[in-house]
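**Q** Please see the structure below; I have some questions.
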Amino acid sequence: SSTAWHSPSTIAPATLSPRRVMPAAPAADSKPQSGTDAPKRGCLSRASRCVDGTMQSGFYHLGLLVGGNPWLTILFSVLFIGVCLAGVTQYNVENEGEKLWVPPNSIGLKQLRSVRDLFPASARTSSFYFLPKGAGTSPDSGVGALNWEVVETMFEVEEIVRSISVEEKYKPEDASQTWNFANLCQKVDVPAFLASAQRPPETNQASAGPPSTPGGSFGPSAPVSTCYVTGLTDLWAGNKTLAMLDRASGRTVVDVLNTALRTSTNGTILSPRTGRPIIFNTTFGGVRFGSGGNVTGAAVALFSFQLENRDYRDPAAGTDVDPPAEKWELELASTLKVDPQEQTFTGAKLLFGIPESDSKERSSAITGDIAFVGASIMLILVFLAVQLRVDCSCVGSRIGLALAGGLTVGMSLGFAYGIGSLMAPYTTVHAILPFILAGIGVDDLFVVTNEFALTDKTKSRRVRMAEALKHAGPSITVTTLTDFLAFFIGSTTVLPAFSAFCQWAGMAILGVYLLACTFFAACVVIDSIRQEAGRADICCCVTCRDPEATEGGADTVAANPASVATGKGGTPAVDGAAVPASKSEVDSADSSKSAASTKSSGGCCGEDATRECIVNCYGPAILNPFSKVAVVVAFLGFAGATGWASQYTSQEFREEWFIPAASPLQEQVQVRDKYFGENGVPVSGYAVNFTLGNNRNLLLDVESAMRANKWINTELGVTSWYREFVESEINATEFTELSNEEFHSRARSWLASPANVRFNSSLVWGDASKGYVRAARVSAFYVGTSTAEQEIAAMTTLRDDVTAVEKARGRPADTVFASSFVYSNWEQLVVIPSEAIQNIGLAIAACFVVVLIFIAHPTTAILVTLAVALVLVDILGVCTWWDVSLNGVSVVNLTLAIGLSVDYSAHIAHAFMHKHGTRNERVTLALSEMGVSVINGGASTFLAVVVLAASNSYIFTVFFKVFFLSVVFGLAHGLIFLPVVLSIIGPDAHEDFTPQEEQEEAESATVGTAKSDAEMARVKPATSTAPQGGMKSLQSRSAK
């Protein structure tokens, strides 16, 4: 009986979904094909039939359960998600870059942690950039920032810094207290006579003595603690009165600075208030020199201070916190105003970086774009409402079902949060999860709804949902499995952020899959009850038409399964299914049902006309010989061009990408890079666990290796306490002849002198009496680097040079090394290429295996995989032109693109393998059945991400670009390239089969017919009309 087949001639193609696993059926009297189109039943085909049949049987029984108990299904689904949400009690956020983008077992991270254990971060540094402001001033001409207005503004800012105070608890169990700059700042020891010159309020004591001149020598006075502050105001020891006296005398700021340089020792100006060197190149940016080497101007003047680092681990937040410092910094930023347009300073333009304020500003790059999530979901809901409606009436509207679809996506996100929190921390990359679910997960909902619409409306809703899930379930299982495997492979990466995201995304995809087959399927059943009762959408209490006027959908099954009911138009029915009296009546009834189904499903959308256009216009247009050649040449040629361009894809990872584009921090970063960029970042060479006397040349060798490296900034020099000690305290003879005990004693005495207290932060004694050193470092700066290649070279070459000292001296591994805080960013640049190749390659391989199993033909699987690979090549090439660099964020999105791209091609290929006729006819039938649904899937994904085109977040922007390209190239390869290639070299069709449940239903219908001859005699046979032209004619020829 043809009622047991879902053939193209009996089902409205306008309602077919893009993920359908459904064989085409031959006519009742059809025979196995012969010749080149004869079906093949090899091992893969038999395995596919076994897997597909098992899944269909399982989903059939699930459909019976859901269709018979929709409200109970919804209740259990909600309870299940509620239980899963309990996992959010383990929810924690990870924002530390080295814990997100650096391989946890990398040597660099191990060394960096060792450094932090030995030299813990002792301070939170805030930096303030002062630029000239006012008519006739410019950073790049004249004296620039070296004018009295800037100096006065800098003193004004320093006064504000010292005046800010807040009330806060250090720990939750502590009492609240007042915190100000004096008790928060990082203290440094300075000679007492220097402290008397500046008399800051936070010094522990004041002692008499003459003030020191810049560059002068220290006396033997006992050191005094004072807050660490440095900047242009150091020229006057932080004393505004002295500065104003100089101004009143007619001196310029440039004169004062040049005088300090001339009286300094070897060009090193020592700060009168801290005794530390004023590093010229890091205090002044864009310096201009005149004749004789005198300074004539500078674009920027820098002022900075440090707060003591009191961080402790907060178990609740899962991060290091310092509540007093954080609150104080936010209060300071609020007082000064982050936006220069809101500042009231008249003498200078101020840009500043304050740790907690910067952190809040960076996080706003994601939180500020959360509104895009709402906009995306609204677009998807509108799209769902338009696509799901039956017609434009109040009953045919399905806004309520669309809202249920949105709730399904939301519950899936809750499932991901609950289970994901038990597996991995939340990171900034996770912010794209709602868009993934809205774009990809909605496809599953379309499949379930469309398959339910295809079922016989004269059957009970329980049977209808069983038949719907029998076809929809295997289809969405294929694509879900593909996506899940891609994420599973991604979770094995060495990059923690990427791994954590893939774990959460895999759970999100699994969640929407489970809920689509249960919760949403139950909502579809309930919505059908509403429609059959003639009740309005949303307002179900309003009846829009007589329920008797609704078509089909009877939910009452005869108590006796063998009893005969009367179907629509008087046709006898068994278990709610009409049983025609003859084959001609079957054909006529099926034809009428197909027409009705097409009409009801098309609604206002015109999908049937689109399919007719595919058959009559689009198919012939791309399948003529000239078009085939043009398509193959064009796609392969474009792939060649993008493949050539992809080799120039740059590797970049910049902190400013994670700052909102409109944020004043962006301008601060630009000023820093423009005027201080040549200075590079600080780096140090370390030696650990050694005895100073027995390794007298060790630190000298480390220093020499650093000086010889081309990436070290020789203008800023290399700072080594040990070289200064040797050159000033030990002569050449003593260096080799002094006993270890005497050598150690000299070193301890030298470091204890007031003049050398600044070096104490470069050495950690173990047992000082025996000269045992836990760690010592030599400090320097890199030259400015602007590309990933330069950063990788700077890191790897210096590491090699310093490690060579370790090997030459036969020291244990990891006891002599180079390290910098930026290595946490640079480390990922080293591993990203190999990680990208590995994860993308494995994901494509997984897609091939899944497609091979479910399509069951190697040629077709290879062609689908080829299409996916070409899509990725095109995306990479265009990303090169679209300023998307290769880094952890883009690799995450490229992995997502694989799962998205394979759907478009796999659906067309699967439909092609279940069509019969010539290759061109099979391609046309596959496009007519799946084309519109594939386009709808692409449209839903596009709508989910299109709002992100206006985002200021780097993560959201990259996500939009990659997914936009995935939709464009995925649709192009799925609807143009792959059909053309299949029409040229596509393999033979699979043999059709009837699932066991449908065979039993057909046999039952046959028995019912034999027992009801009397009733059947009263049935008036309908006139059978042959299909005419276009798609119907093509389907008829395919069935024959």
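Chain lettering (A, B, ...) mirrors the order of the structure tokens, residue numbering begins at 1 for each chain separately, and ligand numbering begins at 1 in order of display.
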Would you list the contacts of Gly841 of chain A as a PyMOL selection string, taking every protein, DNA or RNA residue within 10 Å and counting only C-alpha atoms, but skipping same-chain residues closer than 5 positions in sequence?
**A** chain A and resi 489+835-836+846-847+869+895
**Q** Go ahead and write the residues just picked, N, CA and C atoms, as a PDB file, in the first residue's frame.
**A**
```
ATOM      1  N   ILE A 489      35.970  17.093  20.150  1.00  0.00           N
ATOM      2  CA  ILE A 489      37.359  17.168  19.692  1.00  0.00           C
ATOM      3  C   ILE A 489      37.985  18.487  20.130  1.00  0.00           C
ATOM      4  N   GLU A 835      47.460  23.888  17.040  1.00  0.00           N
ATOM      5  CA  GLU A 835      46.150  23.579  17.609  1.00  0.00           C
ATOM      6  C   GLU A 835      45.048  23.751  16.577  1.00  0.00           C
ATOM      7  N   ALA A 836      45.156  24.791  15.755  1.00  0.00           N
ATOM      8  CA  ALA A 836      44.137  25.032  14.731  1.00  0.00           C
ATOM      9  C   ALA A 836      44.120  23.888  13.727  1.00  0.00           C
ATOM     10  N   ALA A 846      35.928  13.747  11.718  1.00  0.00           N
ATOM     11  CA  ALA A 846      34.744  13.257  12.425  1.00  0.00           C
ATOM     12  C   ALA A 846      33.492  13.455  11.582  1.00  0.00           C
ATOM     13  N   CYS A 847      33.413  14.584  10.900  1.00  0.00           N
ATOM     14  CA  CYS A 847      32.272  14.832  10.011  1.00  0.00           C
ATOM     15  C   CYS A 847      32.219  13.785   8.899  1.00  0.00           C
ATOM     16  N   ALA A 869      35.419  21.309   3.486  1.00  0.00           N
ATOM     17  CA  ALA A 869      36.810  21.772   3.470  1.00  0.00           C
ATOM     18  C   ALA A 869      36.948  23.040   2.628  1.00  0.00           C
ATOM     19  N   THR A 895      36.079  26.199  14.322  1.00  0.00           N
ATOM     20  CA  THR A 895      35.595  24.867  14.678  1.00  0.00           C
ATOM     21  C   THR A 895      34.072  24.817  14.636  1.00  0.00           C
TER      22      THR A 895
END
```
**Q** Where does DSSP see strand (DSSP E) in segment 646-718 of chain A, if you list the residues as a list in words?
**A** Pro682, Val683, Ser684, Gly685, Tyr686, Ala687, Val688, Asn689, Phe690 and Thr691 of chain A
**Q** Could you save the residues just selected, with N, CA, C and O atoms, as a PDB file, in the first residue's frame?
**A**
```
ATOM      1  N   PRO A 682      58.827  44.895  29.802  1.00  0.00           N
ATOM      2  CA  PRO A 682      59.929  44.435  30.664  1.00  0.00           C
ATOM      3  C   PRO A 682      60.099  42.924  30.606  1.00  0.00           C
ATOM      4  O   PRO A 682      59.140  42.169  30.419  1.00  0.00           O
ATOM      5  N   VAL A 683      61.333  42.482  30.768  1.00  0.00           N
ATOM      6  CA  VAL A 683      61.660  41.057  30.788  1.00  0.00           C
ATOM      7  C   VAL A 683      62.849  40.880  31.716  1.00  0.00           C
ATOM      8  O   VAL A 683      63.651  41.805  31.899  1.00  0.00           O
ATOM      9  N   SER A 684      62.948  39.710  32.304  1.00  0.00           N
ATOM     10  CA  SER A 684      64.056  39.459  33.241  1.00  0.00           C
ATOM     11  C   SER A 684      64.654  38.088  33.008  1.00  0.00           C
ATOM     12  O   SER A 684      63.967  37.158  32.558  1.00  0.00           O
ATOM     13  N   GLY A 685      65.963  37.994  33.311  1.00  0.00           N
ATOM     14  CA  GLY A 685      66.631  36.709  33.343  1.00  0.00           C
ATOM     15  C   GLY A 685      66.761  36.263  34.790  1.00  0.00           C
ATOM     16  O   GLY A 685      67.112  37.073  35.665  1.00  0.00           O
ATOM     17  N   TYR A 686      66.459  35.003  35.067  1.00  0.00           N
ATOM     18  CA  TYR A 686      66.417  34.514  36.448  1.00  0.00           C
ATOM     19  C   TYR A 686      67.405  33.367  36.643  1.00  0.00           C
ATOM     20  O   TYR A 686      67.613  32.543  35.744  1.00  0.00           O
ATOM     21  N   ALA A 687      67.989  33.350  37.844  1.00  0.00           N
ATOM     22  CA  ALA A 687      68.787  32.205  38.287  1.00  0.00           C
ATOM     23  C   ALA A 687      68.279  31.825  39.667  1.00  0.00           C
ATOM     24  O   ALA A 687      68.093  32.695  40.528  1.00  0.00           O
ATOM     25  N   VAL A 688      68.037  30.557  39.877  1.00  0.00           N
ATOM     26  CA  VAL A 688      67.444  30.124  41.147  1.00  0.00           C
ATOM     27  C   VAL A 688      68.278  29.015  41.770  1.00  0.00           C
ATOM     28  O   VAL A 688      68.984  28.266  41.083  1.00  0.00           O
ATOM     29  N   ASN A 689      68.224  28.986  43.099  1.00  0.00           N
ATOM     30  CA  ASN A 689      68.838  27.906  43.894  1.00  0.00           C
ATOM     31  C   ASN A 689      70.339  27.739  43.603  1.00  0.00           C
ATOM     32  O   ASN A 689      70.784  26.740  43.040  1.00  0.00           O
ATOM     33  N   PHE A 690      71.106  28.725  44.023  1.00  0.00           N
ATOM     34  CA  PHE A 690      72.563  28.642  43.835  1.00  0.00           C
ATOM     35  C   PHE A 690      73.257  29.377  44.983  1.00  0.00           C
ATOM     36  O   PHE A 690      72.643  30.189  45.690  1.00  0.00           O
ATOM     37  N   THR A 691      74.534  29.060  45.140  1.00  0.00           N
ATOM     38  CA  THR A 691      75.363  29.732  46.138  1.00  0.00           C
ATOM     39  C   THR A 691      76.175  30.807  45.435  1.00  0.00           C
ATOM     40  O   THR A 691      76.849  30.532  44.433  1.00  0.00           O
TER      41      THR A 691
END
```
**Q** Where in segment 779-834 of chain A does DSSP assign alpha helix (DSSP H), given as a PyMOL selection string?
**A** chain A and resi 788-808+823-834
**Q** Can you work out the spacing between atom CA of Ile440 of chain A and atom CA of Ser412 of chain A in Å, to one decimal?
**A**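 Computed distance, atom CA of Ile440 of chain A to atom CA of Ser412 of chain A, equals 12.1 Å.
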**Q** Considering only C-alpha atoms, can you say which of A:Val981, A:Thr482, A:Pro120, A:Thr274 comes closest to Val629 of chain A?
**A**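 Of A:Val981, A:Thr482, A:Pro120, A:Thr274, the one nearest Val629 of chain A is A:Val981, counting only C-alpha atoms.
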**Q** If you count only C-alpha atoms, which residues fall within 12 Å of segment 859-865 of chain A, apart from same-chain ones fewer than 2 positions away, as a ChimeraX atom specification?
**A** /A:44,841,843-857,867-872,898-899,901-913,970,973-975,977-990
**Q** Using atom CA of Ile837 of chain A and atom CA of Phe658 of chain A as the two end points, give the distance in Å to one decimal.
**A**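 The value is 24.9 Å.
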**Q** So what do you get for atom CA of Cys502 of chain A versus atom CA of Tyr648 of chain A, distance-wise?
**A**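 Computing it gives 27.1 Å between the two atoms.
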**Q** Which of these, A:Gln387, A:Ile538, A:Ala788, A:Tyr772, has the shortest distance to Ile935 of chain A once you count only C-alpha atoms?
**A** A:Gln387
**Q** Ranking A:Ser819, A:Ser762, A:Ser928, A:Thr296 by minimum distance to Asn616 of chain A and counting only C-alpha atoms, which one comes first?
**A** A:Ser928
**Q** Which residue out of A:Met378, A:Ala500, A:Leu751, A:Ala508 has the minimum interatomic distance to Val945 of chain A when only C-alpha atoms are used?
**A**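 Looking at the shortest contact to Val945 of chain A, the residue is A:Met378.
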**Q** If we count only C-alpha atoms and set the cut-off at 8 Å, which residues sit around segment 95-103 of chain A, ignoring sequence neighbours fewer than 2 positions away in its own chain? Please answer as a list in words.
**A**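 Near neighbours after the sequence-gap exclusion: Val93, Asn105, Ser106, Leu109, Thr427, Thr428, Val494, Leu495, Pro496, Ala497, Phe498, Ser824, Asn825, Glu827, Gln828 and Gly888 of chain A.
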**Q** Would you save the residues of that selection, restricted to N, CA and C atoms, as a PDB file, in the first residue's frame?
**A**
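Once everything was written out, this is again_36.pdb:
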```
ATOM      1  N   VAL A  93      33.774  31.966  37.339  1.00  0.00           N
ATOM      2  CA  VAL A  93      34.244  32.713  36.172  1.00  0.00           C
ATOM      3  C   VAL A  93      35.759  32.783  36.207  1.00  0.00           C
ATOM      4  N   ASN A 105      50.365  23.073  31.015  1.00  0.00           N
ATOM      5  CA  ASN A 105      51.610  22.354  31.300  1.00  0.00           C
ATOM      6  C   ASN A 105      52.809  22.933  30.557  1.00  0.00           C
ATOM      7  N   SER A 106      52.638  24.126  30.006  1.00  0.00           N
ATOM      8  CA  SER A 106      53.742  24.714  29.249  1.00  0.00           C
ATOM      9  C   SER A 106      54.878  25.133  30.177  1.00  0.00           C
ATOM     10  N   LEU A 109      54.564  28.835  31.429  1.00  0.00           N
ATOM     11  CA  LEU A 109      53.644  29.078  32.536  1.00  0.00           C
ATOM     12  C   LEU A 109      54.245  28.560  33.839  1.00  0.00           C
ATOM     13  N   THR A 427      34.018  31.542  30.761  1.00  0.00           N
ATOM     14  CA  THR A 427      34.982  32.527  30.258  1.00  0.00           C
ATOM     15  C   THR A 427      34.265  33.526  29.366  1.00  0.00           C
ATOM     16  N   THR A 428      34.973  34.547  28.933  1.00  0.00           N
ATOM     17  CA  THR A 428      34.362  35.559  28.071  1.00  0.00           C
ATOM     18  C   THR A 428      33.908  34.976  26.743  1.00  0.00           C
ATOM     19  N   VAL A 494      44.765  22.114  24.095  1.00  0.00           N
ATOM     20  CA  VAL A 494      45.582  22.498  25.252  1.00  0.00           C
ATOM     21  C   VAL A 494      45.270  23.908  25.717  1.00  0.00           C
ATOM     22  N   LEU A 495      44.440  24.640  24.969  1.00  0.00           N
ATOM     23  CA  LEU A 495      44.068  25.992  25.361  1.00  0.00           C
ATOM     24  C   LEU A 495      42.850  25.909  26.295  1.00  0.00           C
ATOM     25  N   PRO A 496      42.984  26.270  27.558  1.00  0.00           N
ATOM     26  CA  PRO A 496      41.895  26.082  28.519  1.00  0.00           C
ATOM     27  C   PRO A 496      40.594  26.787  28.146  1.00  0.00           C
ATOM     28  N   ALA A 497      40.662  28.021  27.634  1.00  0.00           N
ATOM     29  CA  ALA A 497      39.430  28.743  27.288  1.00  0.00           C
ATOM     30  C   ALA A 497      38.681  28.025  26.181  1.00  0.00           C
ATOM     31  N   PHE A 498      39.407  27.569  25.176  1.00  0.00           N
ATOM     32  CA  PHE A 498      38.821  26.844  24.053  1.00  0.00           C
ATOM     33  C   PHE A 498      38.200  25.542  24.547  1.00  0.00           C
ATOM     34  N   SER A 824      52.452  35.082  28.813  1.00  0.00           N
ATOM     35  CA  SER A 824      51.158  34.397  28.855  1.00  0.00           C
ATOM     36  C   SER A 824      50.356  34.647  27.596  1.00  0.00           C
ATOM     37  N   ASN A 825      50.516  35.834  27.001  1.00  0.00           N
ATOM     38  CA  ASN A 825      49.853  36.112  25.719  1.00  0.00           C
ATOM     39  C   ASN A 825      50.646  35.533  24.557  1.00  0.00           C
ATOM     40  N   GLU A 827      52.639  33.010  24.513  1.00  0.00           N
ATOM     41  CA  GLU A 827      52.666  31.546  24.487  1.00  0.00           C
ATOM     42  C   GLU A 827      51.610  30.982  23.541  1.00  0.00           C
ATOM     43  N   GLN A 828      50.403  31.581  23.557  1.00  0.00           N
ATOM     44  CA  GLN A 828      49.344  31.045  22.713  1.00  0.00           C
ATOM     45  C   GLN A 828      49.654  31.237  21.236  1.00  0.00           C
ATOM     46  N   GLY A 888      43.105  32.366  19.557  1.00  0.00           N
ATOM     47  CA  GLY A 888      42.199  31.449  20.232  1.00  0.00           C
ATOM     48  C   GLY A 888      40.741  31.706  19.917  1.00  0.00           C
TER      49      GLY A 888
END
```
**Q** For Ala86 of chain A, please output as a PDB file with N, CA, C and O atoms, in the first residue's frame all residues within 12 Å (counting only C-alpha atoms; exclusion window: fewer than 6 positions along the same chain).
**A**
```pdb
ATOM      1  N   LEU A  79      11.187  19.750  35.122  1.00  0.00           N
ATOM      2  CA  LEU A  79      11.837  19.225  36.325  1.00  0.00           C
ATOM      3  C   LEU A  79      13.264  18.780  36.032  1.00  0.00           C
ATOM      4  O   LEU A  79      14.182  19.000  36.834  1.00  0.00           O
ATOM      5  N   PHE A  80      13.463  18.158  34.873  1.00  0.00           N
ATOM      6  CA  PHE A  80      14.806  17.700  34.493  1.00  0.00           C
ATOM      7  C   PHE A  80      15.768  18.879  34.373  1.00  0.00           C
ATOM      8  O   PHE A  80      16.888  18.840  34.896  1.00  0.00           O
ATOM      9  N   GLY A 414      20.044  26.900  29.934  1.00  0.00           N
ATOM     10  CA  GLY A 414      20.095  26.547  31.347  1.00  0.00           C
ATOM     11  C   GLY A 414      20.731  25.195  31.573  1.00  0.00           C
ATOM     12  O   GLY A 414      21.499  25.003  32.523  1.00  0.00           O
ATOM     13  N   PHE A 415      20.426  24.245  30.697  1.00  0.00           N
ATOM     14  CA  PHE A 415      21.043  22.922  30.764  1.00  0.00           C
ATOM     15  C   PHE A 415      22.560  23.038  30.614  1.00  0.00           C
ATOM     16  O   PHE A 415      23.326  22.397  31.347  1.00  0.00           O
ATOM     17  N   ALA A 416      22.998  23.865  29.660  1.00  0.00           N
ATOM     18  CA  ALA A 416      24.435  24.055  29.441  1.00  0.00           C
ATOM     19  C   ALA A 416      25.093  24.695  30.659  1.00  0.00           C
ATOM     20  O   ALA A 416      26.201  24.306  31.057  1.00  0.00           O
ATOM     21  N   TYR A 417      24.433  25.675  31.271  1.00  0.00           N
ATOM     22  CA  TYR A 417      24.993  26.327  32.449  1.00  0.00           C
ATOM     23  C   TYR A 417      25.096  25.350  33.613  1.00  0.00           C
ATOM     24  O   TYR A 417      26.092  25.334  34.340  1.00  0.00           O
ATOM     25  N   GLY A 418      24.037  24.537  33.812  1.00  0.00           N
ATOM     26  CA  GLY A 418      24.046  23.622  34.931  1.00  0.00           C
ATOM     27  C   GLY A 418      25.095  22.541  34.805  1.00  0.00           C
ATOM     28  O   GLY A 418      25.904  22.333  35.718  1.00  0.00           O
ATOM     29  N   ILE A 419      25.103  21.845  33.666  1.00  0.00           N
ATOM     30  CA  ILE A 419      26.067  20.756  33.469  1.00  0.00           C
ATOM     31  C   ILE A 419      27.463  21.322  33.206  1.00  0.00           C
ATOM     32  O   ILE A 419      28.464  20.795  33.703  1.00  0.00           O
ATOM     33  N   GLY A 420      27.532  22.407  32.423  1.00  0.00           N
ATOM     34  CA  GLY A 420      28.834  22.992  32.110  1.00  0.00           C
ATOM     35  C   GLY A 420      29.569  23.496  33.332  1.00  0.00           C
ATOM     36  O   GLY A 420      30.804  23.403  33.419  1.00  0.00           O
ATOM     37  N   SER A 421      28.825  24.031  34.322  1.00  0.00           N
ATOM     38  CA  SER A 421      29.461  24.541  35.541  1.00  0.00           C
ATOM     39  C   SER A 421      30.151  23.436  36.320  1.00  0.00           C
ATOM     40  O   SER A 421      31.092  23.697  37.076  1.00  0.00           O
ATOM     41  N   LEU A 422      29.681  22.205  36.156  1.00  0.00           N
ATOM     42  CA  LEU A 422      30.325  21.073  36.825  1.00  0.00           C
ATOM     43  C   LEU A 422      31.578  20.617  36.095  1.00  0.00           C
ATOM     44  O   LEU A 422      32.382  19.860  36.652  1.00  0.00           O
TER      45      LEU A 422
END
```
**Q** Which residues are close to Ile432 of chain A, i.e. within 10 Å by only C-alpha atoms, leaving aside same-chain residues fewer than 4 positions away? Reply as a short mmCIF file (atom, residue, chain, number, x, y, z; two decimals) with N, CA, C and O atoms, in the first residue's frame.
**A**
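Below is the file that was written, result_20.cif:
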```cif
data_model
loop_
_atom_site.label_atom_id
_atom_site.label_comp_id
_atom_site.auth_asym_id
_atom_site.auth_seq_id
_atom_site.Cartn_x
_atom_site.Cartn_y
_atom_site.Cartn_z
N ILE A 366 31.76 42.90 26.90
CA ILE A 366 30.80 41.81 26.76
C ILE A 366 29.45 42.21 27.35
O ILE A 366 28.42 42.12 26.70
N VAL A 373 21.91 39.98 22.62
CA VAL A 373 21.33 38.65 22.82
C VAL A 373 19.81 38.74 22.73
O VAL A 373 19.16 37.93 22.07
N THR A 428 34.97 34.55 28.93
CA THR A 428 34.36 35.56 28.07
C THR A 428 33.91 34.98 26.74
O THR A 428 32.96 35.47 26.13
N ILE A 436 24.72 30.76 19.32
CA ILE A 436 24.86 29.43 18.71
C ILE A 436 23.55 28.67 18.81
O ILE A 436 23.07 28.08 17.84
N LEU A 437 22.94 28.70 19.99
CA LEU A 437 21.68 27.98 20.17
C LEU A 437 20.56 28.60 19.34
O LEU A 437 19.74 27.89 18.76
N PHE A 501 35.00 26.22 26.61
CA PHE A 501 33.88 26.63 25.75
C PHE A 501 33.30 25.43 25.01
O PHE A 501 32.08 25.29 24.91
N ALA A 505 29.51 24.22 25.01
CA ALA A 505 28.77 24.23 23.75
C ALA A 505 28.24 22.84 23.42
O ALA A 505 27.11 22.69 22.91
N ASN A 893 35.75 29.81 16.63
CA ASN A 893 34.70 30.05 15.65
C ASN A 893 34.87 29.20 14.39
O ASN A 893 33.88 28.78 13.77
N VAL A 945 22.88 36.08 14.21
CA VAL A 945 24.17 36.76 14.39
C VAL A 945 24.24 38.13 13.74
O VAL A 945 25.18 38.87 13.99
N ILE A 955 35.12 39.68 20.55
CA ILE A 955 34.63 38.30 20.47
C ILE A 955 33.36 38.22 19.63
O ILE A 955 33.23 37.35 18.76
N PHE A 956 32.42 39.14 19.85
CA PHE A 956 31.18 39.14 19.09
C PHE A 956 31.43 39.49 17.63
O PHE A 956 30.78 38.95 16.73
N PHE A 959 32.89 36.50 15.88
CA PHE A 959 31.82 35.51 15.76
C PHE A 959 30.89 35.85 14.60
O PHE A 959 30.52 34.98 13.80
N PHE A 960 30.52 37.12 14.49
CA PHE A 960 29.65 37.53 13.38
C PHE A 960 30.32 37.29 12.03
O PHE A 960 29.71 36.74 11.10
#
```
